[in-house]
$ cat coords.tsv   # TSV, C-alpha atoms and all ligand atoms
chain	number	residue	atom	x	y	z
A	3	MET	CA	44.39	-16.35	98.23
A	4	GLY	CA	42.40	-15.02	95.29
A	5	SER	CA	38.71	-15.88	94.93
A	6	THR	CA	39.40	-17.83	91.67
A	7	MET	CA	41.91	-20.01	93.52
A	8	VAL	CA	39.39	-20.66	96.33
A	9	VAL	CA	36.77	-21.74	93.79
A	10	LEU	CA	39.29	-24.01	92.00
A	11	LEU	CA	40.33	-25.63	95.28
A	12	ALA	CA	36.65	-26.13	96.21
A	13	ILE	CA	36.00	-27.77	92.83
A	14	GLN	CA	39.07	-29.99	93.33
A	15	GLN	CA	37.79	-31.01	96.81
A	16	VAL	CA	34.33	-31.86	95.44
A	17	ARG	CA	35.98	-33.95	92.70
A	18	GLU	CA	38.17	-35.82	95.21
A	19	ASP	CA	35.18	-36.46	97.50
A	20	ALA	CA	33.18	-37.76	94.53
A	21	MET	CA	36.08	-40.13	93.68
A	22	ARG	CA	36.48	-41.49	97.18
A	23	THR	CA	35.36	-44.97	98.19
A	24	LEU	CA	34.01	-45.04	101.72
A	25	PHE	CA	34.55	-48.08	103.93
A	26	LEU	CA	32.57	-49.47	106.85
A	27	SER	CA	34.72	-51.98	108.75
A	28	ALA	CA	33.46	-54.86	110.91
A	29	GLN	CA	34.47	-52.88	114.01
A	30	GLY	CA	32.83	-49.74	112.59
A	31	ALA	CA	29.56	-51.58	111.91
A	32	ALA	CA	29.53	-53.10	115.41
A	33	THR	CA	30.16	-49.69	117.00
A	34	LEU	CA	27.46	-48.08	114.88
A	35	ILE	CA	24.82	-50.76	115.57
A	36	SER	CA	25.59	-50.76	119.31
A	37	ARG	CA	25.35	-46.96	119.44
A	38	VAL	CA	22.10	-46.73	117.47
A	39	GLY	CA	20.62	-49.89	119.01
A	40	LEU	CA	20.13	-53.31	117.41
A	41	ALA	CA	16.33	-53.16	117.50
A	42	ARG	CA	16.29	-49.71	115.90
A	43	CYS	CA	18.68	-50.84	113.15
A	44	ILE	CA	16.55	-53.91	112.41
A	45	ARG	CA	13.45	-51.70	112.21
A	46	GLY	CA	15.28	-49.35	109.86
A	47	MET	CA	16.26	-52.26	107.64
A	48	VAL	CA	12.69	-53.63	107.65
A	49	ASN	CA	11.47	-50.28	106.30
A	50	GLU	CA	14.21	-50.15	103.67
A	51	ILE	CA	13.66	-53.78	102.54
A	52	ASP	CA	9.88	-53.30	102.47
A	53	HIS	CA	10.27	-50.12	100.38
A	54	ASP	CA	12.65	-51.80	97.90
A	55	PHE	CA	10.59	-55.00	97.51
A	56	LYS	CA	7.62	-52.77	96.67
A	57	ARG	CA	9.55	-51.37	93.67
A	58	TRP	CA	10.46	-54.91	92.50
A	59	GLU	CA	10.02	-54.13	88.80
A	60	GLN	CA	12.73	-51.45	88.89
A	61	PHE	CA	15.46	-53.97	89.71
A	62	ASP	CA	17.67	-55.90	87.33
A	63	LYS	CA	17.58	-59.26	89.14
A	64	SER	CA	19.43	-62.56	88.79
A	65	ALA	CA	19.98	-65.69	90.84
A	66	ARG	CA	23.29	-65.57	92.65
A	67	LEU	CA	26.42	-67.14	91.18
A	68	ALA	CA	27.58	-70.02	93.37
A	69	SER	CA	30.85	-71.92	93.48
A	70	HIS	CA	30.40	-75.18	95.39
A	71	SER	CA	32.95	-77.37	97.14
A	72	ALA	CA	32.73	-80.32	99.51
A	73	GLN	CA	33.18	-77.91	102.44
A	74	GLY	CA	30.66	-75.25	101.44
A	75	VAL	CA	29.80	-72.57	98.95
A	76	ILE	CA	31.08	-69.13	97.91
A	77	GLU	CA	28.56	-66.84	96.23
A	78	ILE	CA	28.34	-63.48	94.46
A	79	MET	CA	24.96	-61.72	94.69
A	80	PRO	CA	24.52	-58.83	92.21
A	81	ILE	CA	21.59	-56.42	91.71
A	82	SER	CA	20.94	-52.95	90.26
A	83	ASP	CA	18.09	-50.43	90.25
A	84	GLY	CA	19.59	-48.51	87.31
A	85	GLN	CA	21.12	-45.86	89.57
A	86	THR	CA	22.98	-47.96	92.10
A	87	TYR	CA	24.60	-51.35	91.56
A	88	GLY	CA	25.33	-53.62	94.50
A	89	PHE	CA	26.83	-57.01	95.13
A	90	LYS	CA	27.65	-59.17	98.11
A	91	TYR	CA	30.39	-61.76	98.49
A	92	VAL	CA	29.22	-64.44	100.92
A	93	ASN	CA	30.22	-67.95	101.89
A	94	GLY	CA	28.50	-70.80	103.72
A	95	HIS	CA	30.85	-73.35	105.34
A	96	PRO	CA	29.00	-75.33	108.05
A	97	ASN	CA	32.22	-76.79	109.54
A	98	ASN	CA	34.06	-73.48	109.77
A	99	HIS	CA	33.83	-73.50	113.58
A	100	ARG	CA	36.66	-76.09	113.44
A	101	HIS	CA	38.82	-73.31	111.99
A	102	GLU	CA	37.42	-70.80	114.50
A	103	LEU	CA	35.65	-68.99	111.66
A	104	PRO	CA	31.93	-68.19	111.29
A	105	THR	CA	29.79	-70.36	108.96
A	106	VAL	CA	28.75	-67.22	107.06
A	107	MET	CA	31.15	-64.33	106.25
A	108	ALA	CA	30.41	-61.49	103.88
A	109	PHE	CA	31.31	-58.09	102.49
A	110	GLY	CA	29.64	-55.94	99.85
A	111	VAL	CA	29.93	-53.01	97.46
A	112	LEU	CA	27.62	-50.24	96.26
A	113	ALA	CA	28.62	-48.56	93.01
A	114	ARG	CA	27.24	-45.69	90.94
A	115	VAL	CA	25.75	-47.06	87.69
A	116	GLU	CA	26.46	-43.81	85.81
A	117	THR	CA	30.25	-44.17	86.14
A	118	GLY	CA	30.85	-47.58	87.75
A	119	LEU	CA	32.70	-45.93	90.63
A	120	PRO	CA	32.56	-48.11	93.78
A	121	GLU	CA	31.28	-45.64	96.38
A	122	PHE	CA	30.82	-47.83	99.42
A	123	VAL	CA	32.56	-51.01	100.61
A	124	SER	CA	31.11	-52.61	103.71
A	125	GLU	CA	31.55	-55.53	106.03
A	126	LEU	CA	28.41	-57.65	105.72
A	127	THR	CA	28.88	-60.55	108.15
A	128	LEU	CA	27.11	-58.67	110.91
A	129	VAL	CA	24.83	-56.79	108.52
A	130	THR	CA	23.70	-60.09	106.91
A	131	ALA	CA	22.47	-61.31	110.29
A	132	LEU	CA	20.43	-58.10	110.71
A	133	ARG	CA	19.02	-58.08	107.19
A	134	THR	CA	18.10	-61.79	107.36
A	135	ALA	CA	16.29	-61.24	110.66
A	136	ALA	CA	14.61	-58.10	109.28
A	137	THR	CA	13.39	-59.96	106.17
A	138	SER	CA	12.20	-62.93	108.27
A	139	ALA	CA	10.17	-60.67	110.57
A	140	LEU	CA	8.78	-58.58	107.70
A	141	ALA	CA	7.62	-61.76	105.93
A	142	ALA	CA	6.17	-63.21	109.14
A	143	GLN	CA	4.08	-60.06	109.69
A	144	HIS	CA	2.13	-61.10	106.58
A	145	MET	CA	2.31	-64.89	106.94
A	146	ALA	CA	1.93	-65.71	110.63
A	147	ASN	CA	-1.38	-65.56	112.48
A	148	PRO	CA	-2.07	-62.28	114.30
A	149	ALA	CA	-1.10	-62.02	117.98
A	150	VAL	CA	1.67	-64.64	117.93
A	151	ARG	CA	3.51	-64.94	121.29
A	152	SER	CA	5.97	-67.84	121.06
A	153	MET	CA	8.69	-69.01	118.69
A	154	ALA	CA	10.94	-72.07	118.51
A	155	LEU	CA	14.51	-71.38	117.45
A	156	ILE	CA	16.05	-74.55	115.98
A	157	GLY	CA	19.75	-73.89	115.42
A	158	ASN	CA	21.18	-71.50	117.99
A	159	GLY	CA	24.27	-70.23	116.16
A	160	ALA	CA	25.31	-66.84	114.81
A	161	GLN	CA	21.94	-65.83	113.33
A	162	SER	CA	19.76	-66.79	116.30
A	163	GLU	CA	19.94	-63.72	118.58
A	164	PHE	CA	19.15	-61.43	115.64
A	165	GLN	CA	16.11	-63.53	114.74
A	166	ALA	CA	14.86	-63.37	118.33
A	167	VAL	CA	15.28	-59.60	118.56
A	168	ALA	CA	13.54	-59.02	115.20
A	169	PHE	CA	10.56	-61.25	116.07
A	170	HIS	CA	10.26	-59.68	119.51
A	171	GLU	CA	10.38	-56.14	118.11
A	172	LEU	CA	8.13	-56.61	115.08
A	173	LEU	CA	5.71	-59.35	116.12
A	174	GLY	CA	5.74	-59.06	119.91
A	175	ILE	CA	7.04	-62.59	120.49
A	176	ASP	CA	8.28	-62.86	124.06
A	177	THR	CA	8.82	-66.59	124.68
A	178	PHE	CA	11.50	-68.56	122.87
A	179	TYR	CA	11.88	-72.35	122.84
A	180	LEU	CA	15.50	-73.18	122.05
A	181	TYR	CA	17.08	-76.30	120.58
A	182	ASP	CA	20.46	-77.04	119.03
A	183	THR	CA	22.37	-80.31	118.66
A	184	ASP	CA	25.24	-78.38	120.32
A	185	PHE	CA	24.03	-77.55	123.82
A	186	SER	CA	26.72	-74.89	124.31
A	187	ALA	CA	25.16	-72.89	121.44
A	188	THR	CA	21.77	-73.07	123.20
A	189	GLU	CA	23.34	-71.93	126.49
A	190	LYS	CA	25.00	-68.98	124.72
A	191	LEU	CA	21.69	-67.93	123.15
A	192	ALA	CA	19.76	-68.38	126.40
A	193	ILE	CA	22.19	-66.08	128.26
A	194	HIS	CA	21.90	-63.38	125.58
A	195	LEU	CA	18.09	-63.54	125.49
A	196	TYR	CA	17.94	-63.48	129.31
A	197	GLU	CA	20.07	-60.31	129.24
A	198	LEU	CA	17.50	-58.82	126.84
A	199	GLY	CA	14.67	-59.67	129.24
A	200	LEU	CA	13.19	-62.39	127.00
A	201	LYS	CA	11.76	-65.64	128.31
A	202	THR	CA	13.53	-68.82	127.17
A	203	ILE	CA	12.76	-72.52	127.49
A	204	LEU	CA	15.68	-74.85	126.80
A	205	CYS	CA	14.51	-78.01	125.02
A	206	LYS	CA	16.00	-81.48	124.60
A	207	SER	CA	14.57	-82.21	121.14
A	208	VAL	CA	12.98	-80.56	118.11
A	209	PRO	CA	9.49	-82.03	118.82
A	210	GLU	CA	9.62	-80.65	122.36
A	211	ALA	CA	10.68	-77.19	121.08
A	212	VAL	CA	8.00	-76.86	118.39
A	213	ARG	CA	5.03	-78.55	120.09
A	214	GLU	CA	3.21	-75.43	121.29
A	215	VAL	CA	4.68	-72.49	119.42
A	216	ASP	CA	3.13	-70.03	116.95
A	217	VAL	CA	6.27	-69.59	114.85
A	218	ILE	CA	9.27	-71.84	114.12
A	219	THR	CA	12.59	-70.54	112.84
A	220	THR	CA	14.99	-73.15	111.51
A	221	ALA	CA	18.54	-71.80	111.25
A	222	THR	CA	20.63	-74.95	111.20
A	223	ALA	CA	23.81	-75.41	109.17
A	224	ALA	CA	24.54	-78.80	107.62
A	225	LYS	CA	25.25	-79.49	103.97
A	226	THR	CA	22.70	-82.26	103.67
A	227	HIS	CA	19.01	-82.94	102.99
A	228	ALA	CA	18.06	-82.87	106.67
A	229	SER	CA	14.53	-83.36	107.96
A	230	VAL	CA	14.91	-81.09	110.96
A	231	LEU	CA	11.11	-80.70	110.92
A	232	THR	CA	8.62	-83.40	109.92
A	233	LYS	CA	4.91	-82.89	109.41
A	234	ASN	CA	3.81	-84.84	112.50
A	235	MET	CA	5.68	-82.34	114.73
A	236	LEU	CA	3.61	-79.35	113.58
A	237	ARG	CA	0.45	-77.89	114.98
A	238	PRO	CA	-2.12	-76.27	112.65
A	239	GLY	CA	-1.62	-72.59	111.91
A	240	VAL	CA	2.11	-72.50	112.63
A	241	HIS	CA	4.35	-70.24	110.54
A	242	ILE	CA	7.76	-71.69	109.59
A	243	ASN	CA	10.59	-69.28	108.89
A	244	ALA	CA	13.09	-71.64	107.22
A	245	ILE	CA	16.40	-69.84	106.69
A	246	GLY	CA	19.02	-72.62	106.97
A	247	GLY	CA	18.28	-74.50	103.72
A	248	ASP	CA	19.92	-72.17	101.25
A	249	CYS	CA	21.93	-74.05	98.67
A	250	PRO	CA	21.63	-77.17	96.49
A	251	GLY	CA	21.74	-80.32	98.64
A	252	LYS	CA	21.09	-78.31	101.87
A	253	THR	CA	17.51	-78.39	103.18
A	254	GLU	CA	15.78	-78.52	106.58
A	255	LEU	CA	12.12	-79.42	105.98
A	256	HIS	CA	10.60	-82.78	105.07
A	257	PRO	CA	8.88	-82.41	101.66
A	258	ASP	CA	5.50	-83.46	103.17
A	259	ILE	CA	5.44	-80.14	105.05
A	260	LEU	CA	5.79	-78.18	101.82
A	261	ARG	CA	3.20	-80.27	99.99
A	262	ASP	CA	0.42	-79.13	102.35
A	263	ALA	CA	1.63	-75.61	103.14
A	264	ARG	CA	1.33	-72.18	101.56
A	265	VAL	CA	4.93	-71.46	100.53
A	266	PHE	CA	6.51	-68.02	100.03
A	267	VAL	CA	9.90	-67.28	98.47
A	268	GLU	CA	12.06	-64.23	97.82
A	269	TYR	CA	13.00	-64.68	94.14
A	270	GLU	CA	11.56	-67.81	92.56
A	271	PRO	CA	14.33	-68.59	90.01
A	272	GLN	CA	16.94	-68.62	92.80
A	273	THR	CA	14.83	-70.46	95.38
A	274	ARG	CA	13.97	-73.27	92.90
A	275	ILE	CA	17.72	-74.04	92.89
A	276	GLU	CA	18.62	-73.34	96.51
A	277	GLY	CA	15.56	-73.41	98.75
A	278	GLU	CA	13.45	-76.07	100.42
A	279	ILE	CA	11.44	-76.27	97.18
A	280	GLN	CA	14.43	-77.80	95.36
A	281	GLN	CA	12.84	-81.01	96.70
A	282	MET	CA	9.54	-80.30	94.91
A	283	PRO	CA	8.41	-80.57	91.25
A	284	LYS	CA	9.29	-77.59	89.03
A	285	ASP	CA	5.64	-76.43	88.90
A	286	PHE	CA	5.11	-76.54	92.67
A	287	PRO	CA	3.17	-73.30	93.43
A	288	VAL	CA	4.91	-70.55	95.38
A	289	THR	CA	4.24	-66.86	96.02
A	290	GLU	CA	7.01	-64.25	95.92
A	291	LEU	CA	7.41	-61.93	98.89
A	292	TRP	CA	7.06	-58.73	96.81
A	293	GLU	CA	3.61	-59.89	95.67
A	294	VAL	CA	2.46	-60.11	99.28
A	295	LEU	CA	4.06	-56.81	100.34
A	296	THR	CA	2.42	-54.91	97.47
A	297	GLY	CA	-0.99	-56.55	98.04
A	298	PHE	CA	-0.79	-58.28	94.65
A	299	ALA	CA	-1.14	-61.66	96.43
A	300	LEU	CA	-2.45	-62.75	99.79
A	301	GLY	CA	-0.22	-63.87	102.66
A	302	ARG	CA	-1.87	-66.35	105.03
A	303	THR	CA	-5.39	-67.21	103.86
A	304	ALA	CA	-6.69	-69.30	106.81
A	305	PRO	CA	-5.95	-69.51	110.55
A	306	ASP	CA	-5.22	-73.27	110.40
A	307	GLN	CA	-2.98	-73.02	107.36
A	308	ILE	CA	0.71	-73.91	107.69
A	309	THR	CA	2.78	-71.16	106.08
A	310	VAL	CA	6.45	-71.48	105.10
A	311	PHE	CA	8.83	-68.65	104.28
A	312	ASP	CA	11.43	-70.58	102.29
A	313	SER	CA	14.19	-67.99	102.70
A	314	VAL	CA	17.56	-68.33	100.99
A	315	GLY	CA	18.60	-64.66	101.10
A	316	PHE	CA	18.25	-62.45	98.03
A	317	ALA	CA	20.56	-59.70	96.71
A	318	LEU	CA	17.85	-57.05	97.10
A	319	GLU	CA	17.95	-57.48	100.90
A	320	ASP	CA	21.70	-56.78	100.91
A	321	PHE	CA	21.23	-53.81	98.60
A	322	SER	CA	18.64	-52.34	101.00
A	323	ALA	CA	20.74	-53.15	104.08
A	324	MET	CA	23.88	-51.59	102.57
A	325	ARG	CA	22.01	-48.42	101.61
A	326	TYR	CA	20.61	-48.18	105.14
A	327	MET	CA	24.04	-48.72	106.74
A	328	HIS	CA	25.68	-46.26	104.32
A	329	ARG	CA	23.23	-43.51	105.31
A	330	LEU	CA	23.54	-44.31	109.00
A	331	ALA	CA	27.34	-44.42	108.90
A	332	LEU	CA	27.49	-41.10	106.99
A	333	ALA	CA	25.23	-39.45	109.56
A	334	GLN	CA	27.21	-40.88	112.49
A	335	GLY	CA	30.68	-40.27	111.00
A	336	GLU	CA	31.66	-43.93	111.14
A	337	LEU	CA	33.21	-44.25	107.66
A	338	GLU	CA	36.83	-44.54	106.61
A	339	SER	CA	38.24	-43.45	103.29
A	340	LEU	CA	39.58	-46.29	101.14
A	341	SER	CA	42.20	-45.84	98.45
A	342	LEU	CA	40.61	-48.33	96.04
A	343	ILE	CA	40.68	-46.49	92.71
A	344	PRO	CA	43.73	-44.54	91.47
A	345	GLU	CA	43.11	-40.78	91.50
A	346	LEU	CA	44.48	-39.66	88.13
A	347	PRO	CA	44.79	-36.02	87.04
A	348	ASP	CA	44.73	-37.41	83.48
A	349	PRO	CA	42.45	-40.50	83.34
A	350	LYS	CA	44.28	-41.76	80.25
A	351	ASN	CA	47.59	-41.71	82.07
A	352	LEU	CA	47.22	-44.73	84.38
A	353	TYR	CA	50.96	-45.33	84.07
A	354	SER	CA	51.58	-42.16	86.11
A	355	TRP	CA	50.08	-43.93	89.15
A	356	LEU	CA	53.22	-46.08	89.29
A	357	LYS	CA	55.14	-42.90	90.14
A	358	HIS	CA	52.82	-42.63	93.13
A	359	GLY	CA	54.04	-46.11	94.16
A	360	GLU	CA	57.67	-45.07	93.72
A	361	VAL	CA	57.10	-42.06	95.97
A	362	ALA	CA	55.39	-44.25	98.59
A	401	LIG	P1	26.03	-71.34	112.67
A	401	LIG	O1	26.96	-72.39	112.17
A	401	LIG	O2	26.58	-70.24	113.51
A	401	LIG	O3	24.83	-72.04	113.49
A	401	LIG	C1	24.17	-73.16	113.04
A	401	LIG	C2	23.74	-74.00	114.25
A	401	LIG	O4	22.91	-75.08	113.78
A	401	LIG	C3	24.92	-74.65	114.99
A	401	LIG	O5	24.91	-74.22	116.34
A	401	LIG	C4	24.68	-76.14	114.86
A	401	LIG	O6	25.07	-76.87	115.99
A	401	LIG	C5	23.16	-76.19	114.64
A	401	LIG	N1	22.65	-77.39	114.01
A	401	LIG	C6	23.14	-78.06	112.94
A	401	LIG	N2	22.32	-79.11	112.64
A	401	LIG	C7	21.30	-79.08	113.53
A	401	LIG	C8	20.11	-79.87	113.71
A	401	LIG	N3	19.86	-80.91	112.93
A	401	LIG	N4	19.27	-79.54	114.72
A	401	LIG	C9	19.53	-78.48	115.54
A	401	LIG	N5	20.62	-77.69	115.39
A	401	LIG	C10	21.49	-77.98	114.40
A	401	LIG	O7	25.30	-70.75	111.36
A	401	LIG	P2	24.47	-69.41	111.24
A	401	LIG	O8	25.32	-68.29	110.77
A	401	LIG	O9	23.63	-69.22	112.46
A	401	LIG	O10	23.54	-69.78	110.00
A	401	LIG	C11	22.53	-70.75	110.15
A	401	LIG	C12	22.04	-71.18	108.78
A	401	LIG	O11	21.36	-70.09	108.16
A	401	LIG	C13	23.16	-71.57	107.82
A	401	LIG	O12	22.76	-72.71	107.12
A	401	LIG	C14	23.28	-70.38	106.88
A	401	LIG	O13	23.75	-70.76	105.61
A	401	LIG	C15	21.85	-69.89	106.85
A	401	LIG	N6	21.67	-68.48	106.53
A	401	LIG	C16	20.64	-68.14	105.72
A	401	LIG	C17	20.40	-66.83	105.44
A	401	LIG	C18	19.21	-66.45	104.59
A	401	LIG	O14	19.12	-65.32	104.14
A	401	LIG	N7	18.28	-67.34	104.36
A	401	LIG	C19	21.22	-65.82	105.96
A	401	LIG	C20	22.25	-66.18	106.80
A	401	LIG	C21	22.47	-67.52	107.10

$ encode --input "coords.tsv" --output "structure tokens"
Amino acid sequence: MGSTMVVLLAIQQVREDAMRTLFLSAQGAATLISRVGLARCIRGMVNEIDHDFKRWEQFDKSARLASHSAQGVIEIMPISDGQTYGFKYVNGHPNNHRHELPTVMAFGVLARVETGLPEFVSELTLVTALRTAATSALAAQHMANPAVRSMALIGNGAQSEFQAVAFHELLGIDTFYLYDTDFSATEKLAIHLYELGLKTILCKSVPEAVREVDVITTATAAKTHASVLTKNMLRPGVHINAIGGDCPGKTELHPDILRDARVFVEYEPQTRIEGEIQQMPKDFPVTELWEVLTGFALGRTAPDQITVFDSVGFALEDFSAMRYMHRLALAQGELESLSLIPELPDPKNLYSWLKHGEVA
């Protein structure tokens, strides 16, 4: 083969590689995370999310687009930093267990802004649990008191193990008080945390679970204005990581808690619609997470203060998590090639792709 031919083939290969959409399946993500280690992946995501929140101004941000039904919600979460565009498809259907489906299911895409080519398609059900836990722990590092040791986990479903691992790894929490209205969910969580060498205390009520802890995570799923926590249950100085109230008409905290707390949000325009603060007046003061991470605003300002991270999940966290998983999967060879976009020798001749179909 002549040297010109070799160069032409090399150029053709580079072009085909540049055109290819890479795919990380649910099985691929699970294999990858198990191989690398859950704690290490969460730490990696914390770094990525922290880095991206600190360049907040570079992102083209918007509240997610939600389509509501009586059963739940389906949402599209877009974001771009001018080089890379990302979006996540995610649902929230609290009664999905009746159909043997998770409450939250997701997938996402990263595309190159320059051309619009989708470069990476990923499962995000598992990755959402990691990125939510990573964001929760990152926020708590700035909002909880130093040297926290115990956490109550209210709602022991799909997210709960990931929350426990993140708070153990990043804040050193080693004792977990568990409560769920479904005792089998609590048993499942207790077994998993026992296997990880973490101490658990199974509780019969929310007040019993939260009475003595330093941090409370609420991760319940019910499409209603629930008062899972009321003010009289709380001890001074507790940090509340409220992740379950994340769409209109779905909250977990009694408004009295918010009234007297220092409240942090991810992206204010979205949280006003979806978060715990949907229950509060429009001018209720909140601080965005990026302000705290960059030092622009303070986190906790007094040891006795009650702090609330009113988390609903923001597109930037998925963008960061997808970029982290993309890099990891490339390095570990865990990606599949996806035939998503027709590969056309003449881009104006889309019709020719039908011949491809005939051949197939
Ligand atoms: P899941 O359905 O697997 O678990 C929810 C658990 O909450 C269930 O075991 C249920 O029995 C329990 N529960 C419901 N009401 C309760 C109550 N009053 N007291 C105690 N337990 C109660 O759901 P999941 O995937 O673990 O998600 C939990 C919540 O977190 C959902 O509402 C979901 O929408 C939300 N979420 C938020 C984010 C975020 O970024 N903020 C990310 C993922 C999930």

$ closest_atom_pairs --input "coords.tsv" --of "stretch 80-140 of chain A" --to "stretch 279-301 of chain A" --cutoff "12 Å" --atoms "all atoms listed in the file" --output "Markdown table"
| residue | atom | partner | partner_atom | distance |
| --- | --- | --- | --- | --- |
| A:Thr137 | CA | A:Leu291 | CA | 9.6 |
| A:Ser138 | CA | A:Leu291 | CA | 10.6 |
| A:Leu140 | CA | A:Leu295 | CA | 8.9 |

$ residues_near_ligand --input "coords.tsv" --ligand "ligand LIG 401 (chain A)" --cutoff "7 Å" --atoms "only C-alpha atoms and all ligand atoms" --output "count of residues only"
34

$ residues_near_point --input "coords.tsv" --point "(17.2, -59.0, 127.7)" --cutoff "12 Å" --atoms "all atoms listed in the file" --output "tab-separated table (two decimals) with C-alpha atoms, in the frame of the given file"
chain	number	residue	atom	x	y	z
A	41	ALA	CA	16.33	-53.16	117.50
A	163	GLU	CA	19.94	-63.72	118.58
A	166	ALA	CA	14.86	-63.37	118.33
A	167	VAL	CA	15.28	-59.60	118.56
A	170	HIS	CA	10.26	-59.68	119.51
A	176	ASP	CA	8.28	-62.86	124.06
A	177	THR	CA	8.82	-66.59	124.68
A	191	LEU	CA	21.69	-67.93	123.15
A	192	ALA	CA	19.76	-68.38	126.40
A	193	ILE	CA	22.19	-66.08	128.26
A	194	HIS	CA	21.90	-63.38	125.58
A	195	LEU	CA	18.09	-63.54	125.49
A	196	TYR	CA	17.94	-63.48	129.31
A	197	GLU	CA	20.07	-60.31	129.24
A	198	LEU	CA	17.50	-58.82	126.84
A	199	GLY	CA	14.67	-59.67	129.24
A	200	LEU	CA	13.19	-62.39	127.00
A	201	LYS	CA	11.76	-65.64	128.31
A	202	THR	CA	13.53	-68.82	127.17

$ closest_residue --input "coords.tsv" --among "A:Leu173, A:Ala149, A:Leu126, A:Val38" --to "A:Leu26" --atoms "only C-alpha atoms"
A:Leu126

$ residues_around --input "coords.tsv" --residues "A:Glu338" --least-positions-apart "5" --cutoff "12 Å" --atoms "only C-alpha atoms" --output "PyMOL selection string"
chain A and resi 22-31+121-124+328+331-332

$ atom_distance --input "coords.tsv" --atom1 "atom CA of A:Gln334" --atom2 "atom CA of A:Gln85"
24.2 Å

$ closest_residue --input "coords.tsv" --among "A:Arg100, A:Lys90, A:Arg66, A:Arg133" --to "A:Ile44" --atoms "only C-alpha atoms"
A:Arg133

$ atom_distance --input "coords.tsv" --atom1 "atom CA of A:Leu40" --atom2 "atom CA of A:Arg325"
16.6 Å

$ closest_residue --input "coords.tsv" --among "A:Ile51, A:Ala32, A:Ala142, A:Leu342" --to "A:Tyr326" --atoms "all atoms listed in the file"
A:Ile51

$ atom_distance --input "coords.tsv" --atom1 "atom CA of A:Leu172" --atom2 "atom CA of A:Glu268"
19.3 Å

$ residues_around --input "coords.tsv" --residues "A:Met235" --least-positions-apart "6" --cutoff "9 Å" --atoms "only C-alpha atoms" --output "JSON, numbers by chain"
{"A": [208, 209, 210, 212, 213]}

$ closest_residue --input "coords.tsv" --among "A:Glu189, A:Glu171, A:Asp348, A:Asp62" --to "A:Cys43" --atoms "all atoms listed in the file"
A:Glu171

$ closest_residue --input "coords.tsv" --among "A:Pro80, A:Val75, A:Leu128, A:Ile218" --to "A:Met327" --atoms "all atoms listed in the file"
A:Leu128

$ decode --input "coords.tsv" --residues "stretch 295-304 of chain A" --atoms "N, CA, C and O atoms" --output "PDB file, in the first residue's frame"
ATOM      1  N   LEU A 295     -19.434  27.968  47.285  1.00  0.00           N
ATOM      2  CA  LEU A 295     -18.242  27.238  46.840  1.00  0.00           C
ATOM      3  C   LEU A 295     -17.132  28.188  46.388  1.00  0.00           C
ATOM      4  O   LEU A 295     -15.950  27.894  46.558  1.00  0.00           O
ATOM      5  N   THR A 296     -17.511  29.338  45.839  1.00  0.00           N
ATOM      6  CA  THR A 296     -16.488  30.298  45.382  1.00  0.00           C
ATOM      7  C   THR A 296     -16.051  31.256  46.492  1.00  0.00           C
ATOM      8  O   THR A 296     -15.156  32.069  46.285  1.00  0.00           O
ATOM      9  N   GLY A 297     -16.718  31.198  47.658  1.00  0.00           N
ATOM     10  CA  GLY A 297     -16.382  32.110  48.753  1.00  0.00           C
ATOM     11  C   GLY A 297     -17.078  33.456  48.625  1.00  0.00           C
ATOM     12  O   GLY A 297     -16.842  34.378  49.411  1.00  0.00           O
ATOM     13  N   PHE A 298     -17.965  33.589  47.656  1.00  0.00           N
ATOM     14  CA  PHE A 298     -18.716  34.822  47.434  1.00  0.00           C
ATOM     15  C   PHE A 298     -19.738  35.031  48.568  1.00  0.00           C
ATOM     16  O   PHE A 298     -20.060  36.156  48.926  1.00  0.00           O
ATOM     17  N   ALA A 299     -20.227  33.913  49.126  1.00  0.00           N
ATOM     18  CA  ALA A 299     -21.167  33.988  50.265  1.00  0.00           C
ATOM     19  C   ALA A 299     -20.740  32.965  51.307  1.00  0.00           C
ATOM     20  O   ALA A 299     -20.023  32.009  50.991  1.00  0.00           O
ATOM     21  N   LEU A 300     -21.204  33.197  52.531  1.00  0.00           N
ATOM     22  CA  LEU A 300     -20.857  32.265  53.606  1.00  0.00           C
ATOM     23  C   LEU A 300     -21.789  31.054  53.572  1.00  0.00           C
ATOM     24  O   LEU A 300     -22.932  31.149  53.113  1.00  0.00           O
ATOM     25  N   GLY A 301     -21.291  29.925  54.074  1.00  0.00           N
ATOM     26  CA  GLY A 301     -22.159  28.771  54.306  1.00  0.00           C
ATOM     27  C   GLY A 301     -22.834  28.970  55.655  1.00  0.00           C
ATOM     28  O   GLY A 301     -23.490  29.983  55.884  1.00  0.00           O
ATOM     29  N   ARG A 302     -22.626  28.029  56.561  1.00  0.00           N
ATOM     30  CA  ARG A 302     -23.147  28.177  57.932  1.00  0.00           C
ATOM     31  C   ARG A 302     -22.484  29.387  58.582  1.00  0.00           C
ATOM     32  O   ARG A 302     -21.281  29.586  58.433  1.00  0.00           O
ATOM     33  N   THR A 303     -23.260  30.158  59.355  1.00  0.00           N
ATOM     34  CA  THR A 303     -22.678  31.341  60.005  1.00  0.00           C
ATOM     35  C   THR A 303     -22.698  31.255  61.536  1.00  0.00           C
ATOM     36  O   THR A 303     -22.148  32.135  62.187  1.00  0.00           O
ATOM     37  N   ALA A 304     -23.349  30.201  62.090  1.00  0.00           N
ATOM     38  CA  ALA A 304     -23.339  30.045  63.557  1.00  0.00           C
ATOM     39  C   ALA A 304     -23.548  28.576  63.906  1.00  0.00           C
ATOM     40  O   ALA A 304     -24.286  27.878  63.198  1.00  0.00           O
TER      41      ALA A 304
END
